[in-house]
Each structure stands twice: as C-alpha cells, then as structure tokens.
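Just entry_11.txt here, compact mmCIF, C-alpha atoms:
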# COMPACT_ATOMS: atom_id res chain seq x y z
CA MET A 1 -18.14 -66.02 34.14
CA SER A 2 -19.56 -68.31 31.49
CA GLY A 3 -20.21 -68.59 27.78
CA ARG A 4 -18.05 -67.53 24.88
CA TRP A 5 -14.94 -65.50 25.65
CA ARG A 6 -15.18 -61.88 24.54
CA PRO A 7 -11.86 -60.02 24.26
CA SER A 8 -11.54 -56.63 25.91
CA MET A 9 -11.54 -53.52 23.73
CA ALA A 10 -7.77 -53.28 24.13
CA LEU A 11 -7.30 -56.82 22.82
CA HIS A 12 -9.73 -56.18 19.96
CA ALA A 13 -7.61 -53.16 19.02
CA SER A 14 -4.45 -55.27 19.24
CA PHE A 15 -5.91 -57.93 16.92
CA ALA A 16 -6.94 -55.22 14.47
CA LEU A 17 -3.49 -53.64 14.57
CA HIS A 18 -1.81 -56.97 13.81
CA GLY A 19 -4.16 -57.51 10.89
CA ALA A 20 -3.58 -54.01 9.55
CA ALA A 21 0.19 -54.42 9.84
CA GLY A 22 0.05 -57.67 7.90
CA ILE A 23 -2.05 -56.14 5.13
CA ALA A 24 0.23 -53.09 4.95
CA LEU A 25 3.31 -55.30 4.59
CA LEU A 26 1.71 -57.31 1.80
CA ALA A 27 0.77 -54.14 -0.03
CA ASN A 28 4.08 -52.38 0.53
CA PRO A 29 6.98 -54.33 2.10
CA GLY A 30 8.90 -51.08 2.44
CA VAL A 31 6.73 -50.01 5.40
CA TRP A 32 8.12 -52.79 7.58
CA PRO A 33 9.93 -50.42 10.00
CA TRP A 34 6.67 -48.60 10.70
CA ALA A 35 4.73 -51.85 11.05
CA LEU A 36 7.34 -53.32 13.34
CA GLY A 37 7.41 -50.18 15.47
CA ALA A 38 3.61 -50.16 15.82
CA LEU A 39 3.58 -53.82 16.86
CA ALA A 40 6.41 -53.28 19.33
CA ALA A 41 4.53 -50.38 20.92
CA ASN A 42 1.38 -52.47 21.07
CA HIS A 43 3.15 -55.33 22.85
CA ALA A 44 4.78 -52.89 25.25
CA ILE A 45 1.35 -51.53 26.21
CA LEU A 46 -0.09 -55.02 26.75
CA THR A 47 2.93 -56.03 28.81
CA ALA A 48 2.61 -52.92 30.96
CA ALA A 49 -1.09 -53.64 31.49
CA GLY A 50 -0.23 -57.10 32.77
CA LEU A 51 2.27 -55.63 35.22
CA LEU A 52 -0.38 -53.34 36.73
CA PRO A 53 -2.46 -55.57 39.01
CA ARG A 54 -5.52 -53.29 38.92
CA SER A 55 -5.53 -52.72 35.17
CA LYS A 56 -8.64 -53.72 33.20
CA LEU A 57 -7.12 -53.42 29.73
CA LEU A 58 -6.69 -57.19 29.41
CA GLY A 59 -10.21 -58.10 30.56
CA GLU A 60 -12.51 -58.09 33.58
CA ASN A 61 -10.72 -57.33 36.84
CA ILE A 62 -12.60 -56.78 40.09
CA THR A 63 -10.93 -53.96 42.00
CA ARG A 64 -13.76 -52.94 44.32
CA LEU A 65 -17.19 -54.16 45.36
CA PRO A 66 -20.27 -53.25 43.30
CA ALA A 67 -22.48 -50.26 44.02
CA ASP A 68 -25.13 -52.18 45.98
CA ALA A 69 -22.49 -53.62 48.32
CA THR A 70 -20.98 -50.17 48.74
CA ALA A 71 -24.40 -48.79 49.64
CA ARG A 72 -24.61 -51.43 52.39
CA ARG A 73 -21.21 -50.23 53.69
CA GLU A 74 -19.59 -53.55 52.86
CA ILE A 75 -15.88 -54.19 52.39
CA SER A 76 -13.94 -57.40 51.77
CA LEU A 77 -10.89 -58.66 53.63
CA THR A 78 -8.82 -60.98 51.45
CA PHE A 79 -5.81 -63.05 52.48
CA ASP A 80 -3.28 -64.47 50.02
CA ASP A 81 -0.64 -67.20 49.97
CA GLY A 82 -2.00 -69.60 52.60
CA PRO A 83 -2.81 -71.82 54.21
CA ASN A 84 0.05 -71.38 56.66
CA ALA A 85 0.24 -73.68 59.70
CA GLU A 86 1.63 -70.93 61.95
CA VAL A 87 -0.40 -67.92 60.88
CA THR A 88 -3.73 -69.05 59.40
CA PRO A 89 -5.18 -70.60 62.60
CA VAL A 90 -4.50 -67.38 64.53
CA VAL A 91 -6.06 -65.27 61.79
CA LEU A 92 -9.10 -67.56 61.84
CA ASP A 93 -9.52 -67.15 65.60
CA MET A 94 -9.25 -63.35 65.32
CA LEU A 95 -11.88 -63.28 62.60
CA ASP A 96 -14.17 -65.61 64.52
CA ASP A 97 -13.88 -63.47 67.65
CA ALA A 98 -14.94 -60.44 65.59
CA GLY A 99 -17.73 -62.31 63.80
CA ILE A 100 -16.16 -61.58 60.41
CA LYS A 101 -15.98 -63.73 57.29
CA ALA A 102 -13.11 -63.27 54.85
CA THR A 103 -11.87 -64.52 51.49
CA PHE A 104 -8.72 -66.65 51.38
CA PHE A 105 -6.87 -66.98 48.07
CA CYS A 106 -5.09 -70.27 48.69
CA ILE A 107 -2.17 -71.80 46.82
CA GLY A 108 -2.84 -75.31 45.55
CA TYR A 109 0.33 -76.97 46.75
CA ARG A 110 -0.01 -75.41 50.21
CA ALA A 111 -3.59 -76.63 50.44
CA ARG A 112 -2.32 -80.14 49.76
CA GLN A 113 0.27 -79.69 52.52
CA TYR A 114 -2.40 -78.55 55.01
CA PRO A 115 -5.72 -80.00 53.83
CA VAL A 116 -7.32 -80.00 57.29
CA LEU A 117 -6.52 -76.32 57.76
CA CYS A 118 -7.77 -75.48 54.27
CA ARG A 119 -11.00 -77.37 54.97
CA GLN A 120 -11.45 -75.45 58.22
CA LEU A 121 -11.52 -72.18 56.30
CA ALA A 122 -14.68 -73.28 54.52
CA GLU A 123 -16.18 -75.02 57.55
CA ARG A 124 -15.88 -71.81 59.57
CA GLY A 125 -17.78 -69.81 56.96
CA HIS A 126 -14.96 -68.25 54.96
CA ARG A 127 -14.48 -68.55 51.22
CA VAL A 128 -11.53 -70.35 49.68
CA GLU A 129 -10.57 -68.99 46.26
CA ASN A 130 -7.92 -69.84 43.67
CA HIS A 131 -4.39 -68.38 43.87
CA GLY A 132 -2.82 -70.82 41.44
CA ASP A 133 -1.13 -74.12 42.14
CA SER A 134 2.55 -73.24 42.08
CA HIS A 135 2.51 -69.53 43.00
CA SER A 136 5.30 -69.16 40.47
CA LYS A 137 7.05 -65.81 40.23
CA ALA A 138 7.12 -66.46 36.47
CA PHE A 139 3.32 -66.80 36.23
CA ALA A 140 3.00 -63.68 34.07
CA ALA A 141 5.31 -65.31 31.51
CA PHE A 142 3.32 -68.56 31.28
CA GLY A 143 1.81 -69.55 27.96
CA PRO A 144 -1.89 -70.43 27.78
CA ALA A 145 -1.42 -74.20 28.23
CA ARG A 146 0.81 -73.90 31.28
CA MET A 147 -1.40 -71.18 32.75
CA HIS A 148 -4.49 -73.33 32.31
CA ALA A 149 -2.78 -76.35 33.86
CA ASP A 150 -1.60 -74.38 36.90
CA ILE A 151 -4.95 -72.74 37.65
CA SER A 152 -6.91 -75.91 36.89
CA ALA A 153 -4.75 -77.97 39.28
CA ALA A 154 -5.43 -75.52 42.11
CA GLN A 155 -9.13 -75.45 41.22
CA SER A 156 -9.38 -79.23 41.52
CA THR A 157 -7.38 -79.33 44.75
CA LEU A 158 -9.37 -76.61 46.49
CA ALA A 159 -12.74 -77.95 45.35
CA ASP A 160 -11.86 -81.48 46.50
CA ILE A 161 -10.63 -80.34 49.91
CA THR A 162 -13.36 -77.82 50.75
CA GLY A 163 -16.31 -79.17 48.78
CA GLN A 164 -16.72 -75.70 47.24
CA ALA A 165 -15.46 -74.79 43.79
CA PRO A 166 -13.61 -71.45 43.84
CA ARG A 167 -15.28 -68.66 41.89
CA PHE A 168 -12.46 -66.11 41.85
CA PHE A 169 -8.80 -66.13 40.89
CA ARG A 170 -5.91 -63.88 41.88
CA ALA A 171 -2.55 -64.12 40.10
CA THR A 172 0.81 -64.18 41.86
CA ALA A 173 1.43 -60.54 42.90
CA GLY A 174 -1.45 -59.66 40.58
CA LEU A 175 0.83 -59.97 37.52
CA ARG A 176 -0.52 -61.57 34.36
CA ASN A 177 -0.53 -61.50 30.56
CA PRO A 178 -3.19 -61.47 27.78
CA PHE A 179 -3.58 -65.26 27.94
CA LEU A 180 -5.18 -65.16 31.39
CA ASP A 181 -8.62 -63.79 30.51
CA PRO A 182 -9.58 -66.58 28.06
CA VAL A 183 -8.15 -69.21 30.43
CA LEU A 184 -10.29 -67.92 33.29
CA ASN A 185 -13.31 -67.85 31.01
CA ARG A 186 -12.84 -71.54 30.18
CA LEU A 187 -12.50 -72.38 33.87
CA GLY A 188 -15.49 -70.30 34.95
CA LEU A 189 -13.40 -68.00 37.18
CA ARG A 190 -13.32 -64.23 37.63
CA LEU A 191 -10.16 -62.21 38.19
CA ALA A 192 -10.13 -60.32 41.49
CA ALA A 193 -7.56 -57.71 42.47
CA TRP A 194 -7.95 -55.19 45.29
CA THR A 195 -8.57 -51.56 46.17
CA ARG A 196 -5.85 -51.20 48.79
CA ARG A 197 -2.75 -53.26 49.47
CA SER A 198 -0.87 -53.64 52.76
CA TYR A 199 2.50 -54.77 51.36
CA ASP A 200 2.71 -56.95 54.46
CA THR A 201 5.07 -59.35 52.70
CA ARG A 202 7.70 -56.58 52.60
CA THR A 203 6.87 -54.34 55.55
CA GLY A 204 7.40 -55.60 59.10
CA ASP A 205 6.04 -52.48 60.77
CA PRO A 206 2.40 -53.01 61.90
CA ASP A 207 1.78 -49.24 62.07
CA THR A 208 2.63 -48.85 58.41
CA VAL A 209 0.56 -51.87 57.39
CA VAL A 210 -2.51 -50.63 59.28
CA ARG A 211 -2.10 -47.11 57.93
CA ARG A 212 -1.99 -48.34 54.34
CA LEU A 213 -5.21 -50.28 54.83
CA THR A 214 -7.20 -47.75 56.83
CA ARG A 215 -6.25 -44.33 55.48
CA ASN A 216 -9.38 -43.04 53.73
CA LEU A 217 -10.97 -46.47 54.04
CA HIS A 218 -14.30 -46.50 52.20
CA PRO A 219 -17.24 -48.86 51.70
CA GLY A 220 -16.64 -51.04 48.67
CA ASP A 221 -12.91 -51.41 49.30
CA ILE A 222 -11.19 -54.77 48.84
CA LEU A 223 -8.24 -55.12 51.21
CA LEU A 224 -5.24 -57.34 50.50
CA LEU A 225 -3.36 -59.01 53.35
CA HIS A 226 -1.31 -62.21 53.57
CA ASP A 227 -1.52 -65.21 55.87
CA GLY A 228 1.42 -66.72 53.97
CA HIS A 229 4.83 -65.28 53.07
CA GLY A 230 4.32 -62.43 55.53
CA ALA A 231 7.06 -60.15 56.78
CA ARG A 232 7.92 -60.25 60.49
CA ASP A 233 7.89 -57.43 63.00
CA ARG A 234 10.70 -56.60 65.43
CA ALA A 235 9.45 -59.24 67.85
CA GLY A 236 9.69 -61.91 65.13
CA ARG A 237 5.91 -62.23 64.77
CA THR A 238 4.30 -62.30 61.34
CA VAL A 239 3.15 -58.72 60.87
CA VAL A 240 -0.44 -59.53 59.92
CA LEU A 241 -1.02 -60.95 63.41
CA ALA A 242 -0.09 -57.61 64.96
CA ALA A 243 -1.94 -55.52 62.37
CA LEU A 244 -5.20 -57.45 62.05
CA PRO A 245 -6.72 -56.67 65.49
CA ARG A 246 -6.18 -52.95 64.91
CA LEU A 247 -7.64 -53.18 61.43
CA LEU A 248 -10.72 -54.96 62.75
CA ARG A 249 -11.24 -52.29 65.41
CA THR A 250 -11.09 -49.56 62.77
CA VAL A 251 -13.58 -51.42 60.60
CA ALA A 252 -15.98 -51.71 63.55
CA GLU A 253 -15.54 -48.06 64.54
CA GLN A 254 -16.44 -46.99 61.01
CA SER A 255 -19.52 -49.25 60.93
CA LEU A 256 -18.21 -51.15 57.92
CA ARG A 257 -19.41 -54.70 57.27
CA PRO A 258 -16.82 -57.18 56.00
CA VAL A 259 -18.19 -59.79 53.60
CA THR A 260 -16.67 -62.37 51.31
CA LEU A 261 -16.26 -61.64 47.63
CA ALA A 262 -18.82 -64.36 46.92
CA GLU A 263 -21.38 -62.57 49.10
CA ALA A 264 -20.82 -59.20 47.46
CA LEU A 265 -20.56 -60.57 43.91
CA PRO A 266 -23.18 -63.33 43.61

So that I can check it, write out the structure of this file as structure tokens.
Amino acid sequence: MSGRWRPSMALHASFALHGAAGIALLANPGVWPWALGALAANHAILTAAGLLPRSKLLGENITRLPADATARREISLTFDDGPNAEVTPVVLDMLDDAGIKATFFCIGYRARQYPVLCRQLAERGHRVENHGDSHSKAFAAFGPARMHADISAAQSTLADITGQAPRFFRATAGLRNPFLDPVLNRLGLRLAAWTRRSYDTRTGDPDTVVRRLTRNLHPGDILLLHDGHGARDRAGRTVVLAALPRLLRTVAEQSLRPVTLAEALP
C-alpha cells in the first residue's frame, strides 16, 4: 500500500452523512432528534464492522488469496501471537520437515523477548509480519495516535531483528476501528485477516481444531493458527502441536501448496 489514503465507500458515506446532518441542523435545529438518530445508527454500523474481522467496510482487508494463487492451488498458513519459546521452535521443525513456508504475525514485545527465535523465522524462509507491539485487548478502542505508535513500534522491532520490513498487519483478534486504515496506509502495511479460523486459543481438542481448518478446505484459503497463547489439550500440550501434523497431511493429500502471504500477494 502506498500513496494517498482513499477512504472506503462506507467511510465516504459516513463523512457525507455527518456533513448532511450538520447542514440540516443549521437549516432547521428542530430536526436534531432525526440527525442524532442517523449519526448514532451510522456509528453503530461502523463499530459493528470493526468487530467483524473479515469485514471490508472500513477499508482493504485480505481474507483470501488472489485468483492467480488460487489457480495454482496455493493456500497460506498463518500463525499469530508468537514468538513463543516453547511452541515456535517445534512448529518450525514441523514446517521444515514438510518443506512448507508460513507467515508468522509476531507481537513486538515478544520479539524483543526472543530476538534469536524471531530472527530464525526469517532465516528459515518464513515471513515475519506485524501483529502490533502490545497485543492489547483494547486495540480496537485506540485512537489514531496510539494505534500508529503501537504498530510503528512493532514494525521497527521486527524489521531490526529480521532485516525484513513487514508488509502485512493483523489486529488483535482481528478487531479494529475506522482509524486503522489510514494508519496502515501511512506505514505502508496491508491488513490481512483469514478465510478459516481454528480457535486454537480457546479449544484444546485437536480433532475440533483440525476439522475447523480442513472441512471444505479450498485453494486460496488463509488459515489462522497460533504459536502463542494457545489452548492446551488433555495431555497439557499446546493444541497446535497436536493439530499441525494432521493439518499438513491433509494439505499434502489434497495437493495444496502452502505459500507465504508475501509470495501470493507480491
């Protein structure tokens, strides 16, 4: 992403509605209940859009790979919330054994905790992308200045550690607000969500996790897993470590080719 920020159609409509409400109030102050109601409804719609991780109302949001990648039977495996000293090295070995490259959305402060591990992700051919610096649960309530500072701090950290500037951003839990799109534009980042989600931070059953990821799996899908903050199975093992080998077997059986987001979206 580069150049001047262009608001989405939904934001253009919101700007127009605010302008129309202001003009209507100047012309006839008695319409204030109607104007207030229209603005309240507008803000409710924008808030709801920010709470839907795959929504595109607030701006560009990558939810699946482009048509040419789909035609090549490509998919993308993405891992959030790392690096994690216990889980990430095992995930790396599993991916290496399968000859697969993945995309890791890393948290800035965790990358500073484990810089060697974060650097290994890039050295072993994977892509490290931006998952914010603080991974705050309140990210969707940040104002533009705080949002910019958080994403920018992670961008600097990850670029310094890996030698590669991230090209994509994923918000905490995918939740955001209308300020994010112009912030990402200024930082040269693109928002990336997913096609299918494992919920492996909540579900400790590997069968359920694998089923969510593989049921009706198609070329072009972007899969979301976690190498950080993962739930644990009955044996106390982080569930992604039990689910990933089975997922990789299914991918191979279906002749799908995992690629990084950067490969599929040059």

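The neighbours of Gly204 of chain A here are the residues that come within 12 Å of it, using all atoms listed in the file and leaving out any residue fewer than 4 positions away in the same chain; they are Ser198, Tyr199, Asp200, Thr208, Val209, Val210, His229, Gly230, Ala231, Arg232, Asp233, Arg234, Ala235, Gly236, Arg237, Thr238, Val239, Val240, Leu241, Ala242 and Ala243 of chain A.
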
C-alpha atoms of the current selection, written as a short mmCIF file (atom, residue, chain, number, x, y, z; two decimals), in the coordinates of the input:
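Saved to result01.cif:
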data_model
loop_
_atom_site.label_atom_id
_atom_site.label_comp_id
_atom_site.auth_asym_id
_atom_site.auth_seq_id
_atom_site.Cartn_x
_atom_site.Cartn_y
_atom_site.Cartn_z
CA SER A 198 -0.87 -53.64 52.76
CA TYR A 199 2.50 -54.77 51.36
CA ASP A 200 2.71 -56.95 54.46
CA THR A 208 2.63 -48.85 58.41
CA VAL A 209 0.56 -51.87 57.39
CA VAL A 210 -2.51 -50.63 59.28
CA HIS A 229 4.83 -65.28 53.07
CA GLY A 230 4.32 -62.43 55.53
CA ALA A 231 7.06 -60.15 56.78
CA ARG A 232 7.92 -60.25 60.49
CA ASP A 233 7.89 -57.43 63.00
CA ARG A 234 10.70 -56.60 65.43
CA ALA A 235 9.45 -59.24 67.85
CA GLY A 236 9.69 -61.91 65.13
CA ARG A 237 5.91 -62.23 64.77
CA THR A 238 4.30 -62.30 61.34
CA VAL A 239 3.15 -58.72 60.87
CA VAL A 240 -0.44 -59.53 59.92
CA LEU A 241 -1.02 -60.95 63.41
CA ALA A 242 -0.09 -57.61 64.96
CA ALA A 243 -1.94 -55.52 62.37
#

Who sits within 12 Å of Ala48 of chain A, only C-alpha atoms, same chain under 2 positions skipped, as a PDB file with C-alpha atoms, keeping the file's coordinate frame:
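Just written: result.pdb:
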ATOM      1  CA  ALA A  41       4.530 -50.380  20.920  1.00  0.00           C
ATOM      2  CA  ASN A  42       1.380 -52.470  21.070  1.00  0.00           C
ATOM      3  CA  HIS A  43       3.150 -55.330  22.850  1.00  0.00           C
ATOM      4  CA  ALA A  44       4.780 -52.890  25.250  1.00  0.00           C
ATOM      5  CA  ILE A  45       1.350 -51.530  26.210  1.00  0.00           C
ATOM      6  CA  LEU A  46      -0.090 -55.020  26.750  1.00  0.00           C
ATOM      7  CA  GLY A  50      -0.230 -57.100  32.770  1.00  0.00           C
ATOM      8  CA  LEU A  51       2.270 -55.630  35.220  1.00  0.00           C
ATOM      9  CA  LEU A  52      -0.380 -53.340  36.730  1.00  0.00           C
ATOM     10  CA  PRO A  53      -2.460 -55.570  39.010  1.00  0.00           C
ATOM     11  CA  ARG A  54      -5.520 -53.290  38.920  1.00  0.00           C
ATOM     12  CA  SER A  55      -5.530 -52.720  35.170  1.00  0.00           C
ATOM     13  CA  LYS A  56      -8.640 -53.720  33.200  1.00  0.00           C
ATOM     14  CA  LEU A  57      -7.120 -53.420  29.730  1.00  0.00           C
ATOM     15  CA  LEU A  58      -6.690 -57.190  29.410  1.00  0.00           C
ATOM     16  CA  ALA A 140       3.000 -63.680  34.070  1.00  0.00           C
ATOM     17  CA  LEU A 175       0.830 -59.970  37.520  1.00  0.00           C
ATOM     18  CA  ARG A 176      -0.520 -61.570  34.360  1.00  0.00           C
ATOM     19  CA  ASN A 177      -0.530 -61.500  30.560  1.00  0.00           C
ATOM     20  CA  PRO A 178      -3.190 -61.470  27.780  1.00  0.00           C
TER      21      PRO A 178
END

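One distance worth recording is that between atom CA of Asp160 of chain A and atom CA of Pro115 of chain A, which is 9.7 Å.
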
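Atom to atom, atom CA of His226 of chain A and atom CA of Thr78 of chain A stand 7.9 Å apart.
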
* Using all atoms listed in the file: which of A:Asp68, A:Glu60, A:Glu253, A:Asp80 has the shortest distance to Arg197 of chain A -> A:Asp80

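Between Arg4 of chain A and the residues A:Leu265, A:Asp227, A:Leu187, A:Arg202, the shortest atom-to-atom distance, using all atoms listed in the file, involves A:Leu187.
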
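In this structure, atom CA of Ile100 of chain A sits 19.5 Å away from atom CA of Phe168 of chain A.
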
I'd like the box whose edges run along x, y and z of the file and which contains every listed atom of segment 243-259 of chain A, padded by 4 Å per side; could you state its centre and edge lengths in Å, one decimal, as AutoDock Vina command-line options?
--center_x -10.7 --center_y -53.4 --center_z 59.5 --size_x 25.6 --size_y 20.8 --size_z 19.9

Using the structure just given, write a file holding N, CA and C atoms for segment 76-95 of chain A, as a PDB file, in the first residue's frame.
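That gives us decode_12.pdb:
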ATOM      1  N   SER A  76      -2.384 -20.320   2.397  1.00  0.00           N
ATOM      2  CA  SER A  76      -1.408 -19.740   3.321  1.00  0.00           C
ATOM      3  C   SER A  76      -1.705 -20.182   4.744  1.00  0.00           C
ATOM      4  N   LEU A  77      -0.672 -20.656   5.417  1.00  0.00           N
ATOM      5  CA  LEU A  77      -0.750 -20.954   6.843  1.00  0.00           C
ATOM      6  C   LEU A  77      -0.195 -19.754   7.587  1.00  0.00           C
ATOM      7  N   THR A  78      -0.975 -19.195   8.496  1.00  0.00           N
ATOM      8  CA  THR A  78      -0.526 -18.045   9.272  1.00  0.00           C
ATOM      9  C   THR A  78      -0.621 -18.370  10.759  1.00  0.00           C
ATOM     10  N   PHE A  79       0.388 -17.910  11.492  1.00  0.00           N
ATOM     11  CA  PHE A  79       0.472 -18.159  12.931  1.00  0.00           C
ATOM     12  C   PHE A  79       0.560 -16.822  13.652  1.00  0.00           C
ATOM     13  N   ASP A  80      -0.282 -16.646  14.667  1.00  0.00           N
ATOM     14  CA  ASP A  80      -0.328 -15.397  15.426  1.00  0.00           C
ATOM     15  C   ASP A  80       0.244 -15.561  16.829  1.00  0.00           C
ATOM     16  N   ASP A  81       0.630 -14.413  17.390  1.00  0.00           N
ATOM     17  CA  ASP A  81       0.908 -14.239  18.826  1.00  0.00           C
ATOM     18  C   ASP A  81       2.280 -14.717  19.285  1.00  0.00           C
ATOM     19  N   GLY A  82       3.152 -15.118  18.402  1.00  0.00           N
ATOM     20  CA  GLY A  82       4.495 -15.515  18.786  1.00  0.00           C
ATOM     21  C   GLY A  82       5.449 -14.329  18.730  1.00  0.00           C
ATOM     22  N   PRO A  83       6.753 -14.627  18.855  1.00  0.00           N
ATOM     23  CA  PRO A  83       7.305 -15.969  19.050  1.00  0.00           C
ATOM     24  C   PRO A  83       7.125 -16.470  20.480  1.00  0.00           C
ATOM     25  N   ASN A  84       7.045 -17.795  20.602  1.00  0.00           N
ATOM     26  CA  ASN A  84       6.875 -18.452  21.888  1.00  0.00           C
ATOM     27  C   ASN A  84       8.001 -19.467  22.043  1.00  0.00           C
ATOM     28  N   ALA A  85       8.753 -19.369  23.140  1.00  0.00           N
ATOM     29  CA  ALA A  85       9.962 -20.186  23.306  1.00  0.00           C
ATOM     30  C   ALA A  85       9.656 -21.673  23.359  1.00  0.00           C
ATOM     31  N   GLU A  86       8.451 -22.039  23.818  1.00  0.00           N
ATOM     32  CA  GLU A  86       8.097 -23.446  23.936  1.00  0.00           C
ATOM     33  C   GLU A  86       7.526 -24.009  22.643  1.00  0.00           C
ATOM     34  N   VAL A  87       6.718 -23.229  21.963  1.00  0.00           N
ATOM     35  CA  VAL A  87       5.938 -23.744  20.837  1.00  0.00           C
ATOM     36  C   VAL A  87       6.581 -23.446  19.485  1.00  0.00           C
ATOM     37  N   THR A  88       7.040 -22.227  19.268  1.00  0.00           N
ATOM     38  CA  THR A  88       7.516 -21.818  17.946  1.00  0.00           C
ATOM     39  C   THR A  88       8.625 -22.712  17.390  1.00  0.00           C
ATOM     40  N   PRO A  89       9.643 -23.105  18.181  1.00  0.00           N
ATOM     41  CA  PRO A  89      10.678 -23.978  17.615  1.00  0.00           C
ATOM     42  C   PRO A  89      10.135 -25.313  17.107  1.00  0.00           C
ATOM     43  N   VAL A  90       9.138 -25.862  17.804  1.00  0.00           N
ATOM     44  CA  VAL A  90       8.559 -27.138  17.371  1.00  0.00           C
ATOM     45  C   VAL A  90       7.763 -26.944  16.085  1.00  0.00           C
ATOM     46  N   VAL A  91       7.008 -25.859  16.017  1.00  0.00           N
ATOM     47  CA  VAL A  91       6.269 -25.546  14.796  1.00  0.00           C
ATOM     48  C   VAL A  91       7.236 -25.381  13.626  1.00  0.00           C
ATOM     49  N   LEU A  92       8.336 -24.693  13.854  1.00  0.00           N
ATOM     50  CA  LEU A  92       9.336 -24.502  12.803  1.00  0.00           C
ATOM     51  C   LEU A  92       9.868 -25.834  12.292  1.00  0.00           C
ATOM     52  N   ASP A  93      10.193 -26.737  13.210  1.00  0.00           N
ATOM     53  CA  ASP A  93      10.713 -28.052  12.799  1.00  0.00           C
ATOM     54  C   ASP A  93       9.674 -28.825  11.995  1.00  0.00           C
ATOM     55  N   MET A  94       8.409 -28.774  12.413  1.00  0.00           N
ATOM     56  CA  MET A  94       7.356 -29.464  11.668  1.00  0.00           C
ATOM     57  C   MET A  94       7.227 -28.904  10.260  1.00  0.00           C
ATOM     58  N   LEU A  95       7.273 -27.588  10.133  1.00  0.00           N
ATOM     59  CA  LEU A  95       7.162 -26.968   8.824  1.00  0.00           C
ATOM     60  C   LEU A  95       8.366 -27.300   7.957  1.00  0.00           C
TER      61      LEU A  95
END
